[in-house]
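Q: Structure: my_file19.cif, mmCIF, C-alpha atoms and all ligand atoms.
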```
data_query
#
loop_
_atom_site.label_atom_id
_atom_site.label_comp_id
_atom_site.auth_asym_id
_atom_site.auth_seq_id
_atom_site.Cartn_x
_atom_site.Cartn_y
_atom_site.Cartn_z
CA MET A 1 -14.69 -11.19 -16.76
CA ALA A 2 -15.75 -8.62 -14.21
CA ASN A 3 -13.22 -7.58 -11.60
CA PRO A 4 -13.38 -10.11 -8.78
CA LYS A 5 -11.59 -8.64 -5.80
CA HIS A 6 -10.31 -12.03 -4.61
CA LEU A 7 -8.03 -12.52 -7.62
CA LYS A 8 -4.37 -11.76 -7.08
CA THR A 9 -2.40 -9.18 -9.06
CA GLU A 10 -0.73 -11.67 -11.41
CA THR A 11 -4.12 -13.04 -12.44
CA LEU A 12 -5.67 -9.60 -12.80
CA LEU A 13 -2.81 -8.48 -15.05
CA ILE A 14 -3.86 -11.18 -17.50
CA HIS A 15 -7.63 -11.35 -17.01
CA GLY A 16 -8.70 -8.21 -15.12
CA GLY A 17 -11.57 -6.40 -16.83
CA GLN A 18 -11.16 -8.68 -19.86
CA SER A 19 -13.54 -11.08 -21.55
CA PRO A 20 -13.40 -12.71 -24.99
CA ASP A 21 -14.81 -10.63 -27.84
CA PRO A 22 -18.57 -11.26 -27.83
CA SER A 23 -18.94 -11.48 -31.61
CA THR A 24 -16.15 -13.99 -32.39
CA GLY A 25 -14.72 -15.26 -29.12
CA ALA A 26 -11.33 -13.68 -29.94
CA VAL A 27 -9.24 -13.93 -26.76
CA MET A 28 -7.50 -10.62 -27.42
CA PRO A 29 -9.77 -7.70 -28.27
CA PRO A 30 -9.76 -6.88 -31.98
CA ILE A 31 -8.13 -3.63 -33.01
CA TYR A 32 -11.31 -1.73 -33.86
CA GLN A 33 -9.77 0.57 -36.44
CA THR A 34 -12.92 2.59 -37.02
CA SER A 35 -13.96 6.17 -36.33
CA THR A 36 -17.71 5.58 -36.24
CA PHE A 37 -20.37 2.94 -35.59
CA ALA A 38 -23.65 2.27 -37.45
CA GLN A 39 -26.83 3.24 -35.61
CA GLU A 40 -30.18 1.47 -36.07
CA ALA A 41 -32.10 4.69 -35.41
CA PRO A 42 -30.81 8.11 -34.34
CA GLY A 43 -29.17 7.55 -30.95
CA ALA A 44 -29.84 3.79 -31.00
CA HIS A 45 -26.41 2.12 -30.95
CA LYS A 46 -24.55 -0.65 -29.12
CA GLY A 47 -22.80 1.71 -26.69
CA TYR A 48 -20.38 3.02 -29.31
CA ALA A 49 -21.27 6.05 -31.44
CA TYR A 50 -18.02 7.85 -32.31
CA ALA A 51 -14.52 6.64 -31.52
CA ARG A 52 -13.30 9.80 -29.75
CA ALA A 53 -15.93 9.18 -27.09
CA LYS A 54 -15.50 5.40 -26.95
CA ASN A 55 -13.76 2.64 -28.90
CA PRO A 56 -14.02 -1.05 -27.89
CA THR A 57 -10.23 -1.66 -27.99
CA ARG A 58 -9.69 1.39 -25.79
CA THR A 59 -12.50 0.28 -23.49
CA ALA A 60 -10.78 -3.11 -23.06
CA LEU A 61 -7.55 -1.34 -22.04
CA GLU A 62 -9.41 1.10 -19.75
CA ASN A 63 -11.10 -1.80 -17.97
CA ALA A 64 -7.75 -3.53 -17.56
CA LEU A 65 -6.11 -0.37 -16.18
CA ALA A 66 -8.88 0.04 -13.61
CA SER A 67 -8.67 -3.60 -12.60
CA ILE A 68 -4.91 -3.80 -12.13
CA GLU A 69 -4.80 -0.63 -10.02
CA GLY A 70 -7.63 -1.91 -7.84
CA GLY A 71 -9.78 0.97 -9.08
CA THR A 72 -13.22 1.31 -10.61
CA TYR A 73 -12.74 3.57 -13.63
CA GLY A 74 -9.88 3.67 -16.16
CA LEU A 75 -9.14 6.19 -18.89
CA ALA A 76 -6.58 5.90 -21.68
CA PHE A 77 -4.93 8.88 -23.38
CA GLY A 78 -2.63 9.46 -26.31
CA SER A 79 0.37 9.94 -23.99
CA GLY A 80 1.25 10.24 -20.33
CA MET A 81 1.36 14.01 -20.79
CA ALA A 82 -2.18 14.01 -22.21
CA ALA A 83 -3.27 12.25 -19.00
CA VAL A 84 -1.47 14.89 -16.90
CA ASP A 85 -3.14 17.60 -18.99
CA ALA A 86 -6.60 16.08 -18.39
CA VAL A 87 -6.07 15.99 -14.62
CA LEU A 88 -5.02 19.65 -14.53
CA LYS A 89 -8.20 20.59 -16.41
CA LEU A 90 -10.12 19.63 -13.26
CA LEU A 91 -8.78 22.90 -11.80
CA HIS A 92 -9.80 26.56 -12.12
CA PRO A 93 -7.79 29.80 -12.22
CA GLY A 94 -6.50 30.65 -8.75
CA ASP A 95 -6.38 27.01 -7.61
CA GLU A 96 -3.09 25.87 -6.10
CA VAL A 97 -1.19 22.62 -6.54
CA ILE A 98 1.58 21.30 -4.30
CA ALA A 99 3.92 19.03 -6.23
CA THR A 100 7.12 17.11 -5.57
CA ASN A 101 10.20 19.20 -6.35
CA ASP A 102 11.80 16.21 -8.11
CA LEU A 103 9.27 15.86 -10.90
CA TYR A 104 9.33 14.37 -14.40
CA GLY A 105 10.63 17.20 -16.62
CA GLY A 106 7.66 17.11 -19.00
CA THR A 107 5.19 17.44 -16.12
CA TYR A 108 7.19 20.34 -14.70
CA ARG A 109 7.17 22.00 -18.12
CA LEU A 110 3.39 21.58 -18.57
CA PHE A 111 2.78 23.00 -15.08
CA THR A 112 5.08 26.02 -15.33
CA LYS A 113 4.96 26.87 -19.04
CA ILE A 114 1.28 26.23 -19.83
CA PHE A 115 -1.03 25.88 -16.84
CA ALA A 116 0.68 28.65 -14.87
CA ASP A 117 -0.44 30.98 -17.69
CA PHE A 118 -4.04 29.90 -17.05
CA GLY A 119 -3.78 31.03 -13.44
CA ILE A 120 -2.99 27.74 -11.70
CA VAL A 121 -0.39 28.26 -8.95
CA PHE A 122 2.24 25.57 -8.35
CA HIS A 123 4.41 25.02 -5.26
CA PHE A 124 7.28 22.56 -5.51
CA VAL A 125 8.37 21.00 -2.22
CA ASP A 126 10.37 18.07 -0.91
CA MET A 127 7.58 15.69 0.03
CA GLN A 128 9.79 13.77 2.45
CA ASP A 129 9.12 16.78 4.69
CA MET A 130 5.45 16.71 5.75
CA ALA A 131 5.81 20.05 7.57
CA ALA A 132 7.00 21.68 4.34
CA ILE A 133 3.87 20.45 2.57
CA SER A 134 1.55 21.61 5.36
CA SER A 135 3.13 25.07 5.34
CA CYS A 136 2.19 25.48 1.64
CA ILE A 137 -1.48 24.56 2.13
CA THR A 138 -3.87 27.52 1.79
CA PRO A 139 -7.66 27.64 1.31
CA LYS A 140 -6.91 27.68 -2.44
CA THR A 141 -4.92 24.43 -2.42
CA LYS A 142 -6.80 21.79 -4.38
CA MET A 143 -4.28 19.11 -5.30
CA LEU A 144 -1.20 17.23 -4.11
CA TRP A 145 0.88 15.89 -7.02
CA VAL A 146 3.27 13.08 -6.22
CA GLU A 147 5.68 10.83 -8.07
CA THR A 148 7.22 7.94 -6.13
CA PRO A 149 9.82 6.68 -6.82
CA THR A 150 10.83 9.99 -8.38
CA ASN A 151 12.55 10.55 -11.65
CA PRO A 152 15.58 10.58 -11.72
CA MET A 153 16.57 10.78 -8.03
CA LEU A 154 14.46 7.78 -6.91
CA ASN A 155 13.19 9.51 -3.80
CA ILE A 156 10.36 7.72 -2.03
CA PHE A 157 7.31 9.41 -0.53
CA ASP A 158 4.88 7.91 1.94
CA ILE A 159 1.64 7.60 -0.04
CA ALA A 160 -0.46 6.59 2.99
CA ALA A 161 0.76 9.62 4.99
CA LEU A 162 0.05 11.92 2.03
CA GLY A 163 -3.38 10.30 1.68
CA LYS A 164 -4.15 11.21 5.29
CA LEU A 165 -2.99 14.78 4.77
CA ALA A 166 -5.09 15.05 1.60
CA LYS A 167 -8.14 13.79 3.49
CA VAL A 168 -7.75 16.27 6.35
CA HIS A 169 -7.47 19.21 3.95
CA GLN A 170 -9.90 17.83 1.32
CA LEU A 171 -7.29 17.82 -1.43
CA LEU A 172 -7.12 15.53 -4.44
CA LEU A 173 -4.06 13.30 -4.14
CA VAL A 174 -2.65 12.46 -7.58
CA VAL A 175 0.07 9.80 -7.74
CA ASP A 176 2.09 9.34 -10.92
CA ASN A 177 2.72 5.59 -10.62
CA THR A 178 4.80 5.28 -13.80
CA PHE A 179 7.97 4.17 -11.93
CA GLY A 180 6.06 2.09 -9.38
CA THR A 181 3.70 0.27 -11.74
CA PRO A 182 0.49 -1.40 -10.53
CA TYR A 183 2.45 -4.59 -9.80
CA LEU A 184 4.78 -2.93 -7.28
CA GLN A 185 2.37 -0.51 -5.60
CA ASN A 186 -1.30 0.51 -5.70
CA PRO A 187 -1.75 4.14 -4.61
CA LEU A 188 -5.59 4.07 -4.59
CA ALA A 189 -5.50 1.55 -1.74
CA LEU A 190 -3.21 3.94 0.19
CA GLY A 191 -5.50 6.97 -0.11
CA ALA A 192 -4.77 8.44 -3.55
CA HIS A 193 -7.72 9.74 -5.59
CA ILE A 194 -6.14 9.62 -9.04
CA VAL A 195 -3.41 7.27 -10.26
CA LEU A 196 -1.57 8.31 -13.39
CA HIS A 197 0.58 6.25 -15.76
CA SER A 198 2.82 6.86 -18.68
CA ALA A 199 2.05 3.44 -20.19
CA THR A 200 4.80 4.29 -22.66
CA LYS A 201 7.13 2.91 -19.98
CA TYR A 202 6.63 -0.29 -17.96
CA LEU A 203 2.98 -1.01 -18.81
CA GLY A 204 3.68 -1.13 -22.54
CA GLY A 205 7.11 -2.46 -21.67
CA HIS A 206 8.51 -2.88 -25.19
CA SER A 207 9.37 0.70 -26.26
CA ASP A 208 6.84 0.47 -29.09
CA LEU A 209 4.07 2.88 -28.10
CA VAL A 210 3.21 6.20 -26.42
CA LEU A 211 0.15 6.11 -24.17
CA GLY A 212 -1.15 7.46 -20.85
CA GLY A 213 -3.65 6.23 -18.29
CA LEU A 214 -5.70 7.37 -15.32
CA VAL A 215 -7.51 5.29 -12.72
CA VAL A 216 -9.98 6.58 -10.13
CA ASN A 217 -12.59 5.17 -7.75
CA ASP A 218 -14.96 8.11 -7.37
CA ALA A 219 -17.87 8.12 -9.86
CA ALA A 220 -18.23 11.91 -10.05
CA LEU A 221 -14.49 12.37 -10.57
CA ALA A 222 -14.52 9.68 -13.28
CA GLU A 223 -17.46 11.33 -15.03
CA ARG A 224 -15.66 14.70 -15.10
CA LEU A 225 -12.47 13.09 -16.43
CA TYR A 226 -14.38 11.20 -19.16
CA PHE A 227 -15.99 14.52 -20.08
CA ILE A 228 -12.55 16.16 -20.34
CA GLN A 229 -11.15 13.18 -22.27
CA ASN A 230 -13.91 13.38 -24.88
CA ALA A 231 -14.07 17.19 -24.93
CA SER A 232 -10.30 17.65 -25.37
CA GLY A 233 -9.89 14.51 -27.46
CA ALA A 234 -6.40 13.32 -26.46
CA ILE A 235 -7.43 9.67 -26.60
CA SER A 236 -5.25 6.63 -27.25
CA GLY A 237 -5.79 5.02 -30.65
CA PRO A 238 -6.93 1.40 -31.07
CA MET A 239 -3.53 0.05 -32.16
CA ASP A 240 -1.67 1.58 -29.21
CA SER A 241 -4.45 0.51 -26.83
CA PHE A 242 -4.03 -3.05 -28.07
CA LEU A 243 -0.23 -2.95 -27.60
CA ALA A 244 -0.56 -1.54 -24.09
CA LEU A 245 -2.99 -4.30 -23.20
CA ARG A 246 -0.59 -6.91 -24.53
CA GLY A 247 2.26 -5.39 -22.52
CA ILE A 248 0.25 -5.37 -19.30
CA LYS A 249 -0.20 -9.14 -19.45
CA THR A 250 3.51 -9.75 -18.74
CA LEU A 251 4.07 -6.84 -16.33
CA HIS A 252 4.60 -9.02 -13.25
CA VAL A 253 7.17 -11.29 -14.91
CA ARG A 254 9.06 -8.30 -16.29
CA MET A 255 8.98 -6.28 -13.07
CA ASP A 256 10.39 -9.18 -11.06
CA ARG A 257 13.35 -9.41 -13.42
CA HIS A 258 13.78 -5.62 -13.74
CA GLY A 259 13.99 -5.52 -9.93
CA GLU A 260 16.51 -8.40 -9.68
CA ASN A 261 18.77 -6.94 -12.35
CA ALA A 262 18.57 -3.42 -10.86
CA GLU A 263 19.63 -4.79 -7.48
CA LYS A 264 22.74 -6.45 -8.96
CA ILE A 265 23.70 -3.32 -10.87
CA ALA A 266 23.14 -0.99 -7.92
CA HIS A 267 25.50 -3.14 -5.81
CA PHE A 268 28.10 -3.25 -8.58
CA LEU A 269 28.02 0.53 -9.02
CA GLU A 270 28.25 1.19 -5.31
CA LYS A 271 31.60 -0.65 -5.14
CA HIS A 272 33.08 0.99 -8.25
CA PRO A 273 35.92 3.46 -7.48
CA SER A 274 34.81 6.01 -10.15
CA VAL A 275 31.24 6.19 -8.86
CA ASP A 276 30.33 8.83 -6.30
CA ARG A 277 26.71 8.14 -5.29
CA VAL A 278 24.21 5.47 -6.28
CA TYR A 279 20.49 6.13 -5.97
CA TRP A 280 18.40 2.98 -5.53
CA PRO A 281 15.66 2.60 -2.90
CA GLY A 282 16.74 -0.96 -2.09
CA PHE A 283 19.82 0.23 -0.15
CA SER A 284 19.15 0.20 3.60
CA HIS A 285 20.89 3.61 3.78
CA HIS A 286 18.49 5.12 1.19
CA PRO A 287 16.36 7.69 3.10
CA GLY A 288 13.13 6.22 1.69
CA HIS A 289 14.08 2.56 2.15
CA ASP A 290 11.67 1.73 4.99
CA ILE A 291 8.73 3.38 3.24
CA ALA A 292 9.62 1.66 -0.04
CA LYS A 293 9.70 -1.69 1.78
CA LYS A 294 6.27 -0.95 3.21
CA GLN A 295 4.51 0.28 0.06
CA MET A 296 6.34 -1.49 -2.81
CA ARG A 297 6.73 -5.16 -3.75
CA ASN A 298 10.32 -4.67 -4.94
CA PHE A 299 12.47 -1.59 -5.52
CA GLY A 300 11.84 -1.22 -9.24
CA GLY A 301 14.11 -1.22 -12.25
CA MET A 302 15.65 2.27 -12.13
CA VAL A 303 19.12 3.13 -10.82
CA SER A 304 20.78 6.56 -10.99
CA PHE A 305 24.40 7.32 -10.15
CA SER A 306 26.88 10.18 -10.17
CA LEU A 307 30.64 10.15 -10.79
CA LYS A 308 33.50 11.29 -8.55
CA ASN A 309 34.58 13.39 -11.53
CA ASP A 310 31.36 15.41 -11.48
CA THR A 311 31.44 16.84 -14.99
CA LYS A 312 29.23 16.55 -18.00
CA ALA A 313 32.24 15.43 -20.04
CA ALA A 314 32.91 12.47 -17.72
CA ALA A 315 29.27 11.39 -17.82
CA PHE A 316 29.19 11.72 -21.60
CA ARG A 317 32.37 9.61 -21.84
CA VAL A 318 30.75 6.78 -19.86
CA ILE A 319 27.44 6.92 -21.69
CA SER A 320 28.96 7.10 -25.15
CA HIS A 321 31.09 3.98 -24.55
CA LEU A 322 28.19 1.75 -23.52
CA LYS A 323 27.67 -1.04 -26.05
CA VAL A 324 24.79 -3.16 -24.72
CA ILE A 325 22.98 -0.38 -22.89
CA THR A 326 21.47 2.11 -25.34
CA LEU A 327 21.72 5.87 -24.95
CA ALA A 328 18.09 7.01 -25.23
CA GLU A 329 15.28 8.87 -23.53
CA SER A 330 12.50 6.85 -21.91
CA LEU A 331 12.54 3.81 -19.63
CA GLY A 332 10.65 0.68 -18.72
CA GLY A 333 11.30 -1.37 -21.85
CA VAL A 334 12.87 -4.82 -22.10
CA GLU A 335 16.18 -3.24 -23.21
CA SER A 336 18.45 -1.31 -20.86
CA LEU A 337 18.69 2.42 -21.50
CA ALA A 338 21.02 5.09 -20.18
CA GLY A 339 20.24 8.78 -20.05
CA HIS A 340 21.83 12.02 -18.90
CA PRO A 341 18.97 13.81 -17.08
CA ALA A 342 20.62 17.25 -16.98
CA THR A 343 20.69 17.47 -20.78
CA MET A 344 17.94 15.02 -21.78
CA THR A 345 14.76 14.34 -19.76
CA HIS A 346 15.27 17.22 -17.32
CA GLY A 347 16.73 19.81 -19.66
CA SER A 348 13.61 21.97 -19.26
CA ILE A 349 14.24 22.38 -15.50
CA PRO A 350 16.33 25.46 -14.61
CA GLU A 351 19.91 24.62 -13.56
CA ALA A 352 19.58 25.96 -10.00
CA THR A 353 16.42 23.90 -9.37
CA ARG A 354 18.10 20.84 -10.89
CA LYS A 355 21.16 21.09 -8.64
CA GLU A 356 18.97 21.60 -5.58
CA VAL A 357 17.33 18.19 -6.04
CA GLY A 358 20.63 16.46 -6.85
CA ILE A 359 20.58 16.31 -10.66
CA VAL A 360 24.30 17.07 -10.87
CA ASP A 361 26.27 17.29 -14.12
CA SER A 362 27.59 13.72 -13.91
CA LEU A 363 24.26 12.10 -12.98
CA ILE A 364 23.42 9.11 -15.19
CA ARG A 365 20.03 7.41 -15.10
CA LEU A 366 19.73 3.74 -15.99
CA SER A 367 16.56 1.90 -16.90
CA ILE A 368 17.64 -1.65 -16.24
CA GLY A 369 16.23 -4.06 -18.81
CA LEU A 370 15.82 -7.80 -18.96
CA GLU A 371 19.23 -8.74 -20.41
CA ASN A 372 21.62 -10.99 -18.52
CA ALA A 373 22.81 -8.91 -15.53
CA ALA A 374 26.44 -10.01 -15.97
CA ASP A 375 26.47 -8.62 -19.51
CA LEU A 376 25.10 -5.30 -18.25
CA ILE A 377 27.73 -5.16 -15.50
CA ASP A 378 30.54 -5.93 -18.00
CA ASP A 379 29.21 -3.16 -20.23
CA LEU A 380 29.18 -0.63 -17.39
CA GLU A 381 32.61 -1.79 -16.21
CA GLN A 382 34.28 -1.21 -19.58
CA ALA A 383 32.53 2.17 -20.03
CA LEU A 384 33.59 3.31 -16.53
CA GLU A 385 37.24 2.42 -17.31
CA ARG A 386 37.31 5.28 -19.85
C1 LIG B 1 7.42 9.57 -19.35
C2 LIG B 1 6.75 10.07 -18.13
C3 LIG B 1 5.62 10.88 -18.22
C4 LIG B 1 5.07 11.36 -19.55
O1 LIG B 1 4.56 10.32 -20.31
P1 LIG B 1 4.58 10.30 -21.94
O2 LIG B 1 3.94 8.99 -22.23
O3 LIG B 1 6.01 10.39 -22.36
O4 LIG B 1 3.79 11.47 -22.39
C5 LIG B 1 5.02 11.28 -17.04
N1 LIG B 1 5.51 10.90 -15.84
C6 LIG B 1 6.60 10.12 -15.72
C7 LIG B 1 7.09 9.74 -14.38
C8 LIG B 1 7.26 9.68 -16.86
O5 LIG B 1 8.35 8.92 -16.73
#
```
Would you mind writing the structure in this file as structure tokens?
A:
Amino acid sequence: MANPKHLKTETLLIHGGQSPDPSTGAVMPPIYQTSTFAQEAPGAHKGYAYARAKNPTRTALENALASIEGGTYGLAFGSGMAAVDAVLKLLHPGDEVIATNDLYGGTYRLFTKIFADFGIVFHFVDMQDMAAISSCITPKTKMLWVETPTNPMLNIFDIAALGKLAKVHQLLLVVDNTFGTPYLQNPLALGAHIVLHSATKYLGGHSDLVLGGLVVNDAALAERLYFIQNASGAISGPMDSFLALRGIKTLHVRMDRHGENAEKIAHFLEKHPSVDRVYWPGFSHHPGHDIAKKQMRNFGGMVSFSLKNDTKAAAFRVISHLKVITLAESLGGVESLAGHPATMTHGSIPEATRKEVGIVDSLIRLSIGLENAADLIDDLEQALER
């Protein structure tokens, strides 16, 4: 199937960019576990020569990624970080990037500990403040890097407004849509040039793979990214590509339930006497609520909260007494996970920077899964009693 624009998201998640395998009719693409492909004469092949450059299982996933983001070109990488790495390789020494100050820890680490050494300059700003972004723009600025909702503070940024700013200043707008997912929001339609995914999270959805994706519309940009993908070689393997494709087919059903469960848990936490603040964009008092309502289908499956007793020890006490919710890094799977950002996912961010964005010592991040919401609430209730 091509990518008919009239089909709705739910249909595209299952069929977008997909067609039965031409040789057997297999409905799911075979896992082409091969490194190379026979040629009839030197250079005469069926579009596949060597599996770093192209593998049919990966191609099936790349087509699906493009389709579900409403884009033209998809690329799949060995991890979300490999996708971030490929995007940064579009830049040259001296180029400047303006990024959200509340960024996934691994992205922050790659920016500041690796690409800064290659002469790329990074500015971290609160992207709720358009004036703050504008004041960082210089003739050397090449890229705006945005996550929305952010991790772990669940701040929301106005993608359409950032798209306009990027257009005026001829900047590439990159949106990490890992928390949003293509079911909840489509940044390309709002003016982004590159959409990035850690498919390890909601796209895969079952905590059984590590994979990254990019989607773009511009042919020249796609060609450069394919060149980088093949040249650097951080591709996704056929097995993981297959699993990601399988996960994508149920994304809409899962995201609806993730959103419903997260809403119930956010409301429970907000009323709990031991809880200080709850971060969830569905609250009308959340500063990004109106923008979230405008650009997202629901408010996602992530909820963060802090405790009145703002200490690491108190947070550890709660987390370690959870019985249904698992203490683990990552998010977006069918099972609920709890994490302590200050020591886990965001440990590589300096303490002062962490505190500035609100990652206090007692902050707990929940990835709300697909269990019965009442069981999750009971679990949190008994852990908060401690
Ligand atoms: C996990 C994550 C990444 C990195 O992806 P990996 O697949 O773990 O390499 C990037 N951005 C966000 C928002 C993430 O949550």
Q: Using only C-alpha atoms and all ligand atoms, find each residue in chain A having at least one atom no more than 6 Å away from ligand LIG 1 (chain B); report its shortest atom-to-atom pair and that distance in Å (one decimal), rows by chain then rising number, as a tab-separated table.
A:
```
residue	atom	partner	partner_atom	distance
A:Ser79	CA	B:LIG1	O4	4.1
A:Gly80	CA	B:LIG1	O1	3.3
A:Met81	CA	B:LIG1	O4	3.9
A:Tyr104	CA	B:LIG1	C7	5.1
A:Thr178	CA	B:LIG1	C7	5.0
A:Ser198	CA	B:LIG1	O1	4.2
A:Thr200	CA	B:LIG1	O2	4.8
A:Val210	CA	B:LIG1	O2	5.1
A:Leu211	CA	B:LIG1	O2	5.1
A:Gly212	CA	B:LIG1	O2	5.5
```
Q: Show me, as a list of chain:residue names, the residues that have an atom within 10 Å of Arg52 of chain A when counting all atoms listed in the file, minus same-chain residues fewer than 3 positions from it.
A: A:Ser35, A:Thr36, A:Tyr48, A:Ala49, A:Asn55, A:Arg58, A:Gln229, A:Asn230, A:Ala231, A:Ser232, A:Gly233, A:Ala234, A:Ile235, A:Ser236, A:Gly237
Q: Around the point (-0.4, -3.5, -26.1) in the file's coordinates, collect all residues with an atom within 10 Å, using all atoms listed in the file, and return them as JSON, numbers by chain.
A: {"A": [61, 199, 200, 203, 204, 205, 206, 208, 209, 211, 238, 239, 240, 241, 242, 243, 244, 245, 246, 247, 248, 249]}
Q: Skipping near chain neighbours, those fewer than 4 positions away, what residues fall within 8 Å of segment 260-275 of chain A using all atoms listed in the file, listed as a PyMOL selection string?
A: chain A and resi 256+279-280+282+300-303+305-309+368-370+372-373+376-377+384
Q: Using all atoms listed in the file, collect all residues at a distance of at most 8 Å from (5.1, 18.6, -7.8) as written in the file, then present them as a PDB file with C-alpha atoms, in the coordinates of the input.
A:
```
ATOM      1  CA  VAL A  97      -1.190  22.620  -6.540  1.00  0.00           C
ATOM      2  CA  ILE A  98       1.580  21.300  -4.300  1.00  0.00           C
ATOM      3  CA  ALA A  99       3.920  19.030  -6.230  1.00  0.00           C
ATOM      4  CA  THR A 100       7.120  17.110  -5.570  1.00  0.00           C
ATOM      5  CA  ASN A 101      10.200  19.200  -6.350  1.00  0.00           C
ATOM      6  CA  ASP A 102      11.800  16.210  -8.110  1.00  0.00           C
ATOM      7  CA  LEU A 103       9.270  15.860 -10.900  1.00  0.00           C
ATOM      8  CA  TYR A 108       7.190  20.340 -14.700  1.00  0.00           C
ATOM      9  CA  PHE A 122       2.240  25.570  -8.350  1.00  0.00           C
ATOM     10  CA  HIS A 123       4.410  25.020  -5.260  1.00  0.00           C
ATOM     11  CA  PHE A 124       7.280  22.560  -5.510  1.00  0.00           C
ATOM     12  CA  VAL A 125       8.370  21.000  -2.220  1.00  0.00           C
ATOM     13  CA  LEU A 144      -1.200  17.230  -4.110  1.00  0.00           C
ATOM     14  CA  TRP A 145       0.880  15.890  -7.020  1.00  0.00           C
ATOM     15  CA  VAL A 146       3.270  13.080  -6.220  1.00  0.00           C
ATOM     16  CA  GLU A 147       5.680  10.830  -8.070  1.00  0.00           C
TER      17      GLU A 147
END
```
Q: Residues at most 12 Å from Ala64 of chain A, counting only C-alpha atoms, excluding those fewer than 3 positions away in the same chain, as a PyMOL selection string?
A: chain A and resi 1-3+9+11-19+29+57-61+67-76+182+203+213-215+241-242+244-249
Q: Please measure the separation of atom CA of Val195 of chain A and atom CA of Ser330 of chain A, giving the value in Å to one decimal.
A: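 We find that atom CA of Val195 of chain A and atom CA of Ser330 of chain A lie 19.7 Å from each other.
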Q: With distances taken over all atoms listed in the file, which of A:Ile120, A:Ala219, A:Val253, A:Ala44 is nearest to Lys142 of chain A?
A: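 For Lys142 of chain A, the nearest of the candidates is A:Ile120.
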Q: If you count all atoms listed in the file, which residues fall within 8 Å of Ser207 of chain A, apart from same-chain ones fewer than 4 positions away, as a PyMOL selection string?
A: chain A and resi 200-201+331-334
Q: Adding 6 Å on each side of the box along x, y and z that holds all listed atoms of segment 247-252 of chain A, could you give its centre and edge lengths in Å to one decimal, as AutoDock Vina command-line options?
A:
```
--center_x 2.2 --center_y -7.6 --center_z -17.9 --size_x 16.8 --size_y 16.4 --size_z 21.3
```
Q: If you measure from atom CA of Gln185 of chain A to atom CA of Leu172 of chain A, what distance in Å do you get, rounded to one decimal?
A: 18.7 Å
Q: Rebuild N, CA, C and O atoms on segment 307-316 of chain A, as an mmCIF file, in the frame of the given file?
A:
```cif
data_model
loop_
_atom_site.group_PDB
_atom_site.id
_atom_site.type_symbol
_atom_site.label_atom_id
_atom_site.label_comp_id
_atom_site.auth_asym_id
_atom_site.auth_seq_id
_atom_site.Cartn_x
_atom_site.Cartn_y
_atom_site.Cartn_z
ATOM 1 N N LEU A 307 29.214 10.514 -10.720
ATOM 2 C CA LEU A 307 30.640 10.150 -10.790
ATOM 3 C C LEU A 307 31.462 11.026 -9.853
ATOM 4 O O LEU A 307 31.094 12.178 -9.574
ATOM 5 N N LYS A 308 32.590 10.486 -9.400
ATOM 6 C CA LYS A 308 33.500 11.290 -8.550
ATOM 7 C C LYS A 308 33.987 12.499 -9.349
ATOM 8 O O LYS A 308 34.105 13.595 -8.806
ATOM 9 N N ASN A 309 34.242 12.283 -10.635
ATOM 10 C CA ASN A 309 34.580 13.390 -11.530
ATOM 11 C C ASN A 309 33.243 13.979 -12.022
ATOM 12 O O ASN A 309 32.702 13.566 -13.036
ATOM 13 N N ASP A 310 32.732 14.941 -11.239
ATOM 14 C CA ASP A 310 31.360 15.410 -11.480
ATOM 15 C C ASP A 310 31.309 16.436 -12.619
ATOM 16 O O ASP A 310 31.069 17.627 -12.397
ATOM 17 N N THR A 311 31.533 15.952 -13.835
ATOM 18 C CA THR A 311 31.440 16.840 -14.990
ATOM 19 C C THR A 311 30.580 16.169 -16.059
ATOM 20 O O THR A 311 30.472 14.941 -16.110
ATOM 21 N N LYS A 312 30.023 17.031 -16.877
ATOM 22 C CA LYS A 312 29.230 16.550 -18.000
ATOM 23 C C LYS A 312 30.094 15.690 -18.915
ATOM 24 O O LYS A 312 29.676 14.630 -19.398
ATOM 25 N N ALA A 313 31.343 16.138 -19.119
ATOM 26 C CA ALA A 313 32.240 15.430 -20.040
ATOM 27 C C ALA A 313 32.475 13.995 -19.563
ATOM 28 O O ALA A 313 32.470 13.057 -20.369
ATOM 29 N N ALA A 314 32.662 13.826 -18.253
ATOM 30 C CA ALA A 314 32.910 12.470 -17.720
ATOM 31 C C ALA A 314 31.681 11.594 -17.924
ATOM 32 O O ALA A 314 31.783 10.436 -18.327
ATOM 33 N N ALA A 315 30.512 12.167 -17.647
ATOM 34 C CA ALA A 315 29.270 11.390 -17.820
ATOM 35 C C ALA A 315 29.080 11.023 -19.294
ATOM 36 O O ALA A 315 28.731 9.883 -19.622
ATOM 37 N N PHE A 316 29.352 11.987 -20.163
ATOM 38 C CA PHE A 316 29.190 11.720 -21.600
ATOM 39 C C PHE A 316 30.154 10.622 -22.061
ATOM 40 O O PHE A 316 29.816 9.807 -22.909
#
```
